[in-house]
$ cat final27.tsv   # TSV, C-alpha atoms and all ligand atoms
chain	number	residue	atom	x	y	z
A	21	MET	CA	0.00	0.00	0.00
A	22	SER	CA	1.35	3.36	-0.92
A	23	MET	CA	1.81	5.91	1.79
A	24	ASN	CA	-0.30	9.03	1.79
A	25	LYS	CA	2.09	11.55	0.19
A	26	GLU	CA	0.80	14.24	2.45
A	27	ALA	CA	1.29	12.30	5.65
A	28	ILE	CA	2.25	14.79	8.33
A	29	ALA	CA	1.37	12.97	11.52
A	30	ASP	CA	4.98	12.21	12.33
A	31	THR	CA	6.17	15.72	11.66
A	32	MET	CA	4.22	17.49	14.38
A	33	GLU	CA	2.62	16.89	17.74
A	34	LEU	CA	-0.90	18.08	16.80
A	35	PRO	CA	-2.44	18.47	13.35
A	36	PRO	CA	-2.91	21.92	11.83
A	37	PRO	CA	-6.30	23.62	12.28
A	38	ILE	CA	-9.07	22.25	10.06
A	39	THR	CA	-10.00	24.47	7.13
A	40	GLU	CA	-13.63	25.51	7.51
A	41	PRO	CA	-16.36	24.99	6.48
A	42	ASN	CA	-16.06	21.40	7.55
A	43	ILE	CA	-18.19	19.13	9.71
A	44	PHE	CA	-15.09	18.40	11.86
A	45	PRO	CA	-14.20	18.81	14.63
A	46	VAL	CA	-17.39	17.30	15.98
A	47	ARG	CA	-18.91	18.92	19.04
A	48	TRP	CA	-22.21	18.92	20.92
A	49	ASP	CA	-23.02	22.37	22.27
A	50	ARG	CA	-26.44	22.61	23.83
A	51	LYS	CA	-27.87	26.02	24.61
A	52	THR	CA	-31.27	26.52	23.04
A	53	MET	CA	-33.19	24.13	25.25
A	54	LYS	CA	-36.57	25.06	23.76
A	55	LEU	CA	-35.48	23.10	20.69
A	56	GLU	CA	-34.81	20.10	22.86
A	57	GLU	CA	-38.51	20.15	23.77
A	58	VAL	CA	-39.49	20.39	20.10
A	59	TRP	CA	-37.25	17.43	19.32
A	60	ASP	CA	-38.91	15.38	22.07
A	61	ALA	CA	-42.33	16.34	20.69
A	62	SER	CA	-41.24	15.28	17.20
A	63	LEU	CA	-40.45	11.81	18.54
A	64	ARG	CA	-43.71	11.63	20.47
A	65	ASP	CA	-45.74	12.76	17.43
A	66	ALA	CA	-44.02	10.33	15.04
A	67	TRP	CA	-46.52	8.86	12.58
A	68	ASP	CA	-46.47	6.42	9.72
A	69	PRO	CA	-48.16	7.34	6.42
A	70	LYS	CA	-48.90	3.65	5.82
A	71	LYS	CA	-51.01	3.59	8.97
A	72	LEU	CA	-53.39	6.30	7.82
A	73	PRO	CA	-56.94	4.88	7.42
A	74	TRP	CA	-56.44	3.96	3.74
A	75	ASP	CA	-59.14	1.28	3.90
A	76	SER	CA	-61.78	3.78	4.99
A	77	LEU	CA	-62.01	5.14	1.46
A	78	SER	CA	-62.70	3.34	-1.77
A	79	PHE	CA	-61.30	5.54	-4.47
A	80	GLU	CA	-63.72	4.01	-6.97
A	81	GLN	CA	-66.51	6.05	-5.41
A	82	TYR	CA	-65.16	9.04	-7.32
A	83	SER	CA	-65.53	9.66	-11.02
A	84	TRP	CA	-62.31	9.75	-13.05
A	85	GLU	CA	-62.58	13.48	-13.34
A	86	GLN	CA	-62.85	13.79	-9.55
A	87	ARG	CA	-59.91	11.46	-9.06
A	88	GLU	CA	-57.83	13.47	-11.51
A	89	ALA	CA	-58.78	16.70	-9.78
A	90	ILE	CA	-57.94	15.47	-6.27
A	91	ALA	CA	-54.73	13.83	-7.51
A	92	TYR	CA	-53.78	17.11	-9.14
A	93	TRP	CA	-53.97	18.86	-5.80
A	94	TRP	CA	-51.71	16.26	-4.17
A	95	THR	CA	-49.35	16.59	-7.12
A	96	LEU	CA	-49.27	20.35	-6.63
A	97	LEU	CA	-48.60	19.88	-2.91
A	98	GLY	CA	-45.91	17.39	-3.88
A	99	VAL	CA	-44.03	20.12	-5.74
A	100	PHE	CA	-43.47	21.76	-2.36
A	101	ASP	CA	-43.44	18.81	0.02
A	102	GLY	CA	-41.38	16.82	-2.48
A	103	SER	CA	-38.67	19.44	-2.35
A	104	GLY	CA	-38.87	19.47	1.46
A	105	PRO	CA	-36.51	16.53	2.16
A	106	PRO	CA	-33.64	17.62	-0.13
A	107	VAL	CA	-34.05	21.27	0.83
A	108	PHE	CA	-33.88	20.57	4.55
A	109	ALA	CA	-31.22	17.88	4.15
A	110	ALA	CA	-29.01	20.59	2.61
A	111	ALA	CA	-29.84	22.78	5.60
A	112	VAL	CA	-28.85	19.96	7.97
A	113	ILE	CA	-25.44	19.72	6.28
A	114	LYS	CA	-25.07	23.45	6.68
A	115	THR	CA	-25.82	23.27	10.43
A	116	PHE	CA	-23.05	20.68	10.81
A	117	GLU	CA	-20.55	22.64	8.76
A	118	GLU	CA	-21.27	25.74	10.78
A	119	HIS	CA	-20.91	23.82	14.05
A	120	GLU	CA	-24.39	24.79	15.11
A	121	GLU	CA	-25.55	23.58	18.49
A	122	ASP	CA	-26.69	20.00	18.71
A	123	PRO	CA	-30.41	20.86	19.29
A	124	VAL	CA	-30.40	23.10	16.20
A	125	ARG	CA	-28.94	20.35	14.04
A	126	ARG	CA	-31.52	17.92	15.33
A	127	ALA	CA	-34.31	20.44	14.77
A	128	PHE	CA	-33.46	20.62	11.07
A	129	PHE	CA	-33.03	16.88	10.94
A	130	SER	CA	-36.54	16.43	12.39
A	131	ILE	CA	-37.99	18.76	9.74
A	132	THR	CA	-36.24	16.72	7.04
A	133	ARG	CA	-37.76	13.59	8.44
A	134	ASP	CA	-41.25	15.09	8.67
A	135	GLU	CA	-41.09	16.42	5.14
A	136	MET	CA	-40.20	12.94	3.97
A	137	ASN	CA	-43.47	11.72	5.46
A	138	HIS	CA	-45.37	14.52	3.76
A	139	GLU	CA	-43.96	13.70	0.38
A	140	VAL	CA	-44.64	9.99	0.93
A	141	VAL	CA	-48.30	10.86	1.56
A	142	CYS	CA	-48.40	12.90	-1.67
A	143	GLY	CA	-46.98	9.94	-3.58
A	144	MET	CA	-49.38	7.43	-2.05
A	145	MET	CA	-52.39	9.66	-2.76
A	146	VAL	CA	-51.37	10.16	-6.39
A	147	GLU	CA	-50.76	6.45	-6.82
A	148	LYS	CA	-54.11	5.41	-5.41
A	149	LEU	CA	-56.14	8.15	-7.05
A	150	LEU	CA	-54.66	7.62	-10.49
A	151	GLY	CA	-54.79	3.84	-10.42
A	152	GLY	CA	-51.28	2.73	-9.58
A	153	VAL	CA	-48.93	5.21	-11.24
A	154	SER	CA	-45.70	6.45	-9.61
A	155	SER	CA	-46.09	9.93	-11.03
A	156	ALA	CA	-48.85	12.06	-12.49
A	157	LEU	CA	-46.63	12.21	-15.59
A	158	ASP	CA	-46.98	8.43	-16.05
A	159	TYR	CA	-50.76	8.65	-15.95
A	160	GLU	CA	-52.81	8.41	-19.11
A	161	PRO	CA	-55.63	10.95	-18.60
A	162	LYS	CA	-59.18	9.66	-18.86
A	163	THR	CA	-60.92	12.99	-19.30
A	164	GLU	CA	-60.43	16.24	-21.13
A	165	LEU	CA	-59.74	18.06	-17.84
A	166	GLY	CA	-57.25	15.33	-16.96
A	167	ARG	CA	-55.32	16.03	-20.16
A	168	ARG	CA	-55.08	19.73	-19.36
A	169	LEU	CA	-54.07	18.96	-15.78
A	170	LYS	CA	-51.26	16.73	-16.97
A	171	ARG	CA	-49.93	19.60	-19.03
A	172	ASN	CA	-50.14	21.79	-15.89
A	173	VAL	CA	-48.06	19.22	-14.02
A	174	HIS	CA	-45.34	19.35	-16.69
A	175	TRP	CA	-45.15	23.11	-16.20
A	176	LEU	CA	-45.17	22.84	-12.41
A	177	TYR	CA	-42.17	20.52	-12.54
A	178	HIS	CA	-40.39	22.78	-14.99
A	179	ASN	CA	-40.70	25.64	-12.51
A	180	GLY	CA	-39.87	23.42	-9.55
A	181	ALA	CA	-36.63	22.50	-11.28
A	182	ARG	CA	-35.78	26.20	-11.65
A	183	TYR	CA	-36.42	26.67	-7.93
A	184	TRP	CA	-34.13	23.77	-7.02
A	185	ASN	CA	-31.29	25.12	-9.18
A	186	GLY	CA	-31.63	28.47	-7.43
A	187	TYR	CA	-31.77	26.91	-3.98
A	188	LYS	CA	-28.58	24.93	-4.49
A	189	LYS	CA	-26.72	28.10	-5.38
A	190	ALA	CA	-28.27	30.10	-2.55
A	191	VAL	CA	-27.60	27.77	0.39
A	192	PRO	CA	-23.82	28.22	0.65
A	193	LYS	CA	-24.16	31.99	0.33
A	194	TYR	CA	-26.36	32.73	3.32
A	195	SER	CA	-26.23	32.49	7.07
A	196	LEU	CA	-28.55	30.14	8.87
A	197	ALA	CA	-30.54	33.16	10.12
A	198	VAL	CA	-31.39	34.13	6.55
A	199	LEU	CA	-32.10	30.54	5.65
A	200	PHE	CA	-34.65	29.83	8.35
A	201	SER	CA	-36.36	33.18	7.94
A	202	SER	CA	-37.16	32.04	4.43
A	203	PHE	CA	-38.46	28.75	5.77
A	204	MET	CA	-40.60	30.46	8.38
A	205	MET	CA	-43.01	31.98	5.93
A	206	GLY	CA	-43.90	28.61	4.47
A	207	GLU	CA	-44.27	27.02	7.87
A	208	ILE	CA	-46.70	29.64	9.18
A	209	ALA	CA	-48.90	29.38	6.12
A	210	ALA	CA	-48.64	25.59	5.95
A	211	ALA	CA	-49.70	25.13	9.55
A	212	SER	CA	-52.88	27.10	8.86
A	213	ILE	CA	-53.86	25.62	5.49
A	214	PHE	CA	-53.51	22.00	6.63
A	215	HIS	CA	-55.55	22.72	9.71
A	216	GLN	CA	-58.31	24.12	7.51
A	217	MET	CA	-58.18	21.23	5.09
A	218	ALA	CA	-58.33	18.73	7.97
A	219	ASN	CA	-61.50	20.46	9.16
A	220	GLY	CA	-63.03	20.87	5.73
A	221	CYS	CA	-62.44	17.48	4.11
A	222	LYS	CA	-65.26	14.96	4.28
A	223	GLU	CA	-63.22	11.76	4.19
A	224	ILE	CA	-61.51	10.54	7.35
A	225	LEU	CA	-58.42	9.54	5.32
A	226	PHE	CA	-57.85	13.08	4.09
A	227	LYS	CA	-58.69	14.56	7.50
A	228	GLU	CA	-56.15	12.32	9.22
A	229	ALA	CA	-53.45	13.01	6.64
A	230	PHE	CA	-53.90	16.77	6.97
A	231	ARG	CA	-54.11	16.62	10.75
A	232	SER	CA	-50.78	14.77	10.95
A	233	ILE	CA	-49.08	17.01	8.40
A	234	GLY	CA	-50.46	20.14	10.07
A	235	ARG	CA	-49.17	19.07	13.48
A	236	ASP	CA	-45.70	18.64	11.99
A	237	GLU	CA	-45.88	22.07	10.37
A	238	ALA	CA	-46.76	23.64	13.72
A	239	ARG	CA	-43.54	22.21	15.16
A	240	HIS	CA	-41.57	23.52	12.19
A	241	MET	CA	-42.99	26.92	12.86
A	242	ALA	CA	-41.97	26.67	16.53
A	243	ILE	CA	-38.42	25.80	15.44
A	244	CYS	CA	-38.20	28.84	13.18
A	245	MET	CA	-39.60	31.13	15.89
A	246	THR	CA	-37.16	29.83	18.48
A	247	LEU	CA	-34.22	30.44	16.16
A	248	MET	CA	-35.54	33.86	15.37
A	249	GLU	CA	-35.60	34.75	19.07
A	250	ARG	CA	-32.04	33.50	19.35
A	251	ASP	CA	-30.54	35.17	16.31
A	252	TYR	CA	-32.52	38.26	15.36
A	253	PRO	CA	-31.52	40.50	18.24
A	254	ASN	CA	-27.96	40.47	16.86
A	255	LEU	CA	-28.71	40.24	13.18
A	256	PRO	CA	-26.18	41.93	10.87
A	257	GLN	CA	-27.73	44.78	8.87
A	258	GLU	CA	-26.98	43.15	5.51
A	259	ASP	CA	-28.83	40.00	6.61
A	260	ALA	CA	-31.91	42.05	7.48
A	261	ALA	CA	-32.02	43.43	3.94
A	262	ILE	CA	-31.73	39.94	2.45
A	263	ILE	CA	-34.53	38.67	4.69
A	264	THR	CA	-36.86	41.38	3.36
A	265	LYS	CA	-36.13	40.18	-0.17
A	266	GLN	CA	-36.53	36.54	0.76
A	267	ILE	CA	-39.98	37.19	2.18
A	268	ARG	CA	-41.08	38.68	-1.12
A	269	ALA	CA	-39.52	35.73	-2.98
A	270	GLY	CA	-41.31	33.40	-0.57
A	271	TYR	CA	-44.60	35.05	-1.33
A	272	LEU	CA	-44.10	34.59	-5.06
A	273	PHE	CA	-42.93	31.01	-4.85
A	274	LEU	CA	-45.38	29.66	-2.27
A	275	SER	CA	-48.37	31.44	-3.76
A	276	ALA	CA	-48.61	28.62	-6.28
A	277	VAL	CA	-50.02	26.33	-3.61
A	278	LEU	CA	-51.29	28.82	-1.02
A	279	PHE	CA	-52.89	31.28	-3.41
A	280	GLU	CA	-52.34	31.43	-7.18
A	281	PRO	CA	-49.01	31.37	-9.03
A	282	PRO	CA	-47.76	34.89	-9.84
A	283	PRO	CA	-45.96	35.38	-13.17
A	284	GLU	CA	-42.95	37.05	-11.47
A	285	PHE	CA	-41.63	33.58	-10.76
A	286	TRP	CA	-44.03	31.08	-12.30
A	287	ASP	CA	-43.54	30.67	-16.02
A	288	LEU	CA	-46.84	29.02	-16.96
A	289	PRO	CA	-49.13	28.78	-19.97
A	290	SER	CA	-51.97	31.29	-20.01
A	291	ASP	CA	-54.71	28.71	-19.37
A	292	PHE	CA	-52.89	27.24	-16.37
A	293	ILE	CA	-54.76	29.07	-13.62
A	294	ALA	CA	-58.18	28.60	-15.22
A	295	THR	CA	-57.53	24.85	-15.46
A	296	GLN	CA	-56.37	24.72	-11.87
A	297	ARG	CA	-59.46	26.62	-10.66
A	298	GLU	CA	-61.72	24.30	-12.61
A	299	SER	CA	-60.01	21.30	-11.08
A	300	GLU	CA	-60.23	22.71	-7.56
A	301	ALA	CA	-63.95	23.32	-7.94
A	302	ILE	CA	-64.44	19.68	-8.94
A	303	ALA	CA	-62.35	18.41	-6.02
A	304	ARG	CA	-64.26	20.67	-3.63
A	305	ALA	CA	-67.61	19.46	-4.90
A	306	ALA	CA	-66.39	15.89	-4.32
A	307	GLY	CA	-65.83	16.68	-0.63
A	308	PHE	CA	-62.09	17.38	-0.85
A	309	PHE	CA	-61.84	20.76	0.76
A	310	ILE	CA	-59.62	23.28	-0.97
A	311	PRO	CA	-60.05	26.88	0.14
A	312	ASP	CA	-61.42	29.06	-2.65
A	313	TYR	CA	-59.75	32.17	-4.07
A	314	GLU	CA	-60.99	34.56	-1.37
A	315	GLN	CA	-60.31	32.12	1.47
A	316	LYS	CA	-56.79	31.48	0.21
A	317	LYS	CA	-56.15	35.16	-0.14
A	318	GLU	CA	-57.34	35.83	3.40
A	319	ASN	CA	-55.24	32.96	4.84
A	320	TRP	CA	-52.18	34.09	3.03
A	321	ARG	CA	-52.71	37.69	4.13
A	322	LYS	CA	-53.13	36.65	7.76
A	323	SER	CA	-50.03	34.45	7.71
A	324	MET	CA	-47.97	37.26	6.28
A	325	LEU	CA	-49.32	39.79	8.76
A	326	ASN	CA	-48.31	37.35	11.51
A	327	LEU	CA	-44.83	37.21	10.12
A	328	LYS	CA	-44.75	40.97	9.67
A	329	GLY	CA	-45.65	41.39	13.35
A	330	LEU	CA	-42.72	39.15	14.29
A	331	LEU	CA	-40.23	40.92	12.03
A	332	ASP	CA	-41.40	44.37	13.15
A	333	LYS	CA	-40.20	43.57	16.65
A	334	TYR	CA	-36.67	43.23	15.35
A	335	GLY	CA	-36.84	46.20	13.02
A	336	ILE	CA	-36.67	44.07	9.88
A	337	ALA	CA	-38.53	45.72	7.01
A	338	PHE	CA	-41.40	43.76	5.50
A	339	PRO	CA	-41.75	43.76	1.71
A	340	ALA	CA	-44.82	45.22	0.02
A	341	ILE	CA	-47.28	42.49	-0.96
A	342	PRO	CA	-49.88	44.58	-2.76
A	343	GLU	CA	-51.51	41.41	-4.15
A	344	VAL	CA	-53.02	40.77	-0.71
A	345	GLY	CA	-53.12	44.36	0.45
A	346	ILE	CA	-49.95	44.51	2.56
A	347	GLN	CA	-47.91	47.68	2.43
A	348	GLY	CA	-44.18	47.66	2.92
A	349	GLN	CA	-40.83	48.02	1.25
A	350	GLU	CA	-40.97	47.85	-2.53
A	351	ILE	CA	-38.96	44.86	-3.80
A	352	THR	CA	-38.64	44.80	-7.55
A	353	ALA	CA	-35.65	42.88	-8.84
A	354	ILE	CA	-35.44	39.41	-7.36
A	355	ASP	CA	-32.58	37.28	-8.60
A	356	TRP	CA	-34.01	33.79	-8.84
A	357	ASP	CA	-30.58	32.34	-8.27
A	358	ASP	CA	-30.93	33.67	-4.74
A	359	ILE	CA	-34.19	32.19	-3.59
A	360	ILE	CA	-34.63	29.94	-0.63
A	361	PRO	CA	-38.31	29.81	0.32
A	362	VAL	CA	-39.76	26.44	1.14
A	363	PHE	CA	-42.76	24.81	2.66
B	401	FE	FE	-44.41	19.77	4.75
B	402	FE	FE	-42.72	22.22	7.04
$ encode --input "final27.tsv" --output "structure tokens" --more "lines below"
Ligand SMILES: [Fe+2]
Ligand SMILES: [Fe+2]
Amino acid sequence: MSMNKEAIADTMELPPPITEPNIFPVRWDRKTMKLEEVWDASLRDAWDPKKLPWDSLSFEQYSWEQREAIAYWWTLLGVFDGSGPPVFAAAVIKTFEEHEEDPVRRAFFSITRDEMNHEVVCGMMVEKLLGGVSSALDYEPKTELGRRLKRNVHWLYHNGARYWNGYKKAVPKYSLAVLFSSFMMGEIAAASIFHQMANGCKEILFKEAFRSIGRDEARHMAICMTLMERDYPNLPQEDAAIITKQIRAGYLFLSAVLFEPPPEFWDLPSDFIATQRESEAIARAAGFFIPDYEQKKENWRKSMLNLKGLLDKYGIAFPAIPEVGIQGQEITAIDWDDIIPVF
């Protein structure tokens, strides 16, 4: 065996300092004990998508058009929840490289794990609703609406891919404080929409799925708030400016599922929204509760006002979101290579 050419161990007593960022040396600082409680709750709340009451619902009771419409909604959710695991896994790596405290690393790990469950549920729903396919793109539509929805899905994935390319470039550039502020927006809104859908859906299967997902999202929100309390009092000025921009980017990105996709980010065919609305009306009529335009708008507005209230306390400017009637700092040019928002 050849010797490592750079062997230095015999030339000095202790090795030179490790070049950062690196996950070594390993250490286990523990300061933010609130996150320890959230971690314990995440273990207590652990749930298995396979154990949802799948047998309580026979999917054949729906028409093909209804199945396509409900599956479309899960596919849309899957654009966001499907990016959850890789997005948060990248954040976990960052917490290790930055030698974050042990409870912070575990907090992000728990989110990664939860998001994996959420995306598993999306996949199982799509599979069962569309008669055994692994992706809505593999499905051969049975109705005219189904054909248009499949085209929508192609465009959703095209835009999702753009988001992922941007995210990969953005992660190394920003501090964890900027990163989780971008996450926070999605978590606040997610916690509220899933709660509503759990209440509104007729079928116990959907209710249970949304209840479990919503409970996870509430913990994610608690994690973001705890980190905010830790980091924002000493936030560098340049980070504050980036956070304002990220909130606006978050609005644009997440609106696709929480409201309607704005053209500033979403590059979609002109009939996309009309098709999506049509599909949502059919799902709703079949007992699958999706908030309507006005309800979504009001939810979204409330979530953002919540976040604005939090950021105000730390003197971080909120962006203008005129689409839902929120005044603030005008953000015009967003570089989509810089976006982080996630669900
Ligand atoms: Fe999620
Ligand atoms: Fe989440």
$ residues_near_ligand --input "final27.tsv" --ligand "ligand FE 402 (chain B)" --cutoff "12 Å" --atoms "only C-alpha atoms and all ligand atoms" --output "PyMOL selection string"
chain A and resi 97+100-105+107-108+127-139+200+202-214+232-244+361-363
$ residues_near_point --input "final27.tsv" --point "(-43.0, 39.1, -12.5)" --cutoff "10 Å" --atoms "all atoms listed in the file" --output "ChimeraX atom specification"
/A:272,282-287,352-354
$ write_last_selection --input "final27.tsv" --atoms "C-alpha atoms" --output "compact mmCIF listing (two decimals), in the coordinates of the input"
# COMPACT_ATOMS: atom_id res chain seq x y z
CA LEU A 272 -44.10 34.59 -5.06
CA PRO A 282 -47.76 34.89 -9.84
CA PRO A 283 -45.96 35.38 -13.17
CA GLU A 284 -42.95 37.05 -11.47
CA PHE A 285 -41.63 33.58 -10.76
CA TRP A 286 -44.03 31.08 -12.30
CA ASP A 287 -43.54 30.67 -16.02
CA THR A 352 -38.64 44.80 -7.55
CA ALA A 353 -35.65 42.88 -8.84
CA ILE A 354 -35.44 39.41 -7.36
$ atom_distance --input "final27.tsv" --atom1 "atom CA of A:Lys188" --atom2 "atom CA of A:Ile113"
12.4 Å
$ atom_distance --input "final27.tsv" --atom1 "atom CA of A:Phe230" --atom2 "atom CA of A:Gln216"
8.6 Å
$ atom_distance --input "final27.tsv" --atom1 "atom CA of A:Leu149" --atom2 "atom CA of A:Arg87"
5.4 Å
$ residues_around --input "final27.tsv" --residues "A:Asn172" --least-positions-apart "2" --cutoff "10 Å" --atoms "all atoms listed in the file" --output "PyMOL selection string"
chain A and resi 92+96+166-170+174-178+288-289+291-293+295-296
$ build_atoms --input "final27.tsv" --residues "stretch 311-330 of chain A" --atoms "N, CA and C atoms" --output "mmCIF file, keeping the file's coordinate frame"
data_model
loop_
_atom_site.group_PDB
_atom_site.id
_atom_site.type_symbol
_atom_site.label_atom_id
_atom_site.label_comp_id
_atom_site.auth_asym_id
_atom_site.auth_seq_id
_atom_site.Cartn_x
_atom_site.Cartn_y
_atom_site.Cartn_z
ATOM 1 N N PRO A 311 -59.514 25.529 -0.022
ATOM 2 C CA PRO A 311 -60.050 26.880 0.140
ATOM 3 C C PRO A 311 -60.215 27.555 -1.228
ATOM 4 N N ASP A 312 -61.240 28.374 -1.367
ATOM 5 C CA ASP A 312 -61.420 29.060 -2.650
ATOM 6 C C ASP A 312 -60.554 30.316 -2.704
ATOM 7 N N TYR A 313 -60.625 31.018 -3.825
ATOM 8 C CA TYR A 313 -59.750 32.170 -4.070
ATOM 9 C C TYR A 313 -59.728 33.149 -2.886
ATOM 10 N N GLU A 314 -60.925 33.561 -2.445
ATOM 11 C CA GLU A 314 -60.990 34.560 -1.370
ATOM 12 C C GLU A 314 -60.470 34.009 -0.050
ATOM 13 N N GLN A 315 -60.793 32.738 0.228
ATOM 14 C CA GLN A 315 -60.310 32.120 1.470
ATOM 15 C C GLN A 315 -58.787 32.002 1.472
ATOM 16 N N LYS A 316 -58.248 31.606 0.319
ATOM 17 C CA LYS A 316 -56.790 31.480 0.210
ATOM 18 C C LYS A 316 -56.133 32.837 0.424
ATOM 19 N N LYS A 317 -56.718 33.819 -0.225
ATOM 20 C CA LYS A 317 -56.150 35.160 -0.140
ATOM 21 C C LYS A 317 -56.129 35.652 1.316
ATOM 22 N N GLU A 318 -57.234 35.384 2.018
ATOM 23 C CA GLU A 318 -57.340 35.830 3.400
ATOM 24 C C GLU A 318 -56.351 35.081 4.302
ATOM 25 N N ASN A 319 -56.232 33.754 4.099
ATOM 26 C CA ASN A 319 -55.240 32.960 4.840
ATOM 27 C C ASN A 319 -53.837 33.480 4.670
ATOM 28 N N TRP A 320 -53.517 33.679 3.419
ATOM 29 C CA TRP A 320 -52.180 34.090 3.030
ATOM 30 C C TRP A 320 -51.871 35.461 3.656
ATOM 31 N N ARG A 321 -52.873 36.347 3.577
ATOM 32 C CA ARG A 321 -52.710 37.690 4.130
ATOM 33 C C ARG A 321 -52.463 37.603 5.636
ATOM 34 N N LYS A 322 -53.268 36.783 6.309
ATOM 35 C CA LYS A 322 -53.130 36.650 7.760
ATOM 36 C C LYS A 322 -51.765 36.085 8.149
ATOM 37 N N SER A 323 -51.337 35.052 7.410
ATOM 38 C CA SER A 323 -50.030 34.450 7.710
ATOM 39 C C SER A 323 -48.929 35.489 7.558
ATOM 40 N N MET A 324 -49.034 36.275 6.503
ATOM 41 C CA MET A 324 -47.970 37.260 6.280
ATOM 42 C C MET A 324 -48.020 38.389 7.294
ATOM 43 N N LEU A 325 -49.233 38.751 7.720
ATOM 44 C CA LEU A 325 -49.320 39.790 8.760
ATOM 45 C C LEU A 325 -48.732 39.276 10.075
ATOM 46 N N ASN A 326 -48.953 37.986 10.342
ATOM 47 C CA ASN A 326 -48.310 37.350 11.510
ATOM 48 C C ASN A 326 -46.809 37.512 11.467
ATOM 49 N N LEU A 327 -46.275 37.149 10.301
ATOM 50 C CA LEU A 327 -44.830 37.210 10.120
ATOM 51 C C LEU A 327 -44.345 38.657 10.205
ATOM 52 N N LYS A 328 -45.122 39.548 9.637
ATOM 53 C CA LYS A 328 -44.750 40.970 9.670
ATOM 54 C C LYS A 328 -44.665 41.447 11.122
ATOM 55 N N GLY A 329 -45.649 41.017 11.933
ATOM 56 C CA GLY A 329 -45.650 41.390 13.350
ATOM 57 C C GLY A 329 -44.376 40.916 14.042
ATOM 58 N N LEU A 330 -43.932 39.706 13.688
ATOM 59 C CA LEU A 330 -42.720 39.150 14.290
ATOM 60 C C LEU A 330 -41.484 39.947 13.850
#
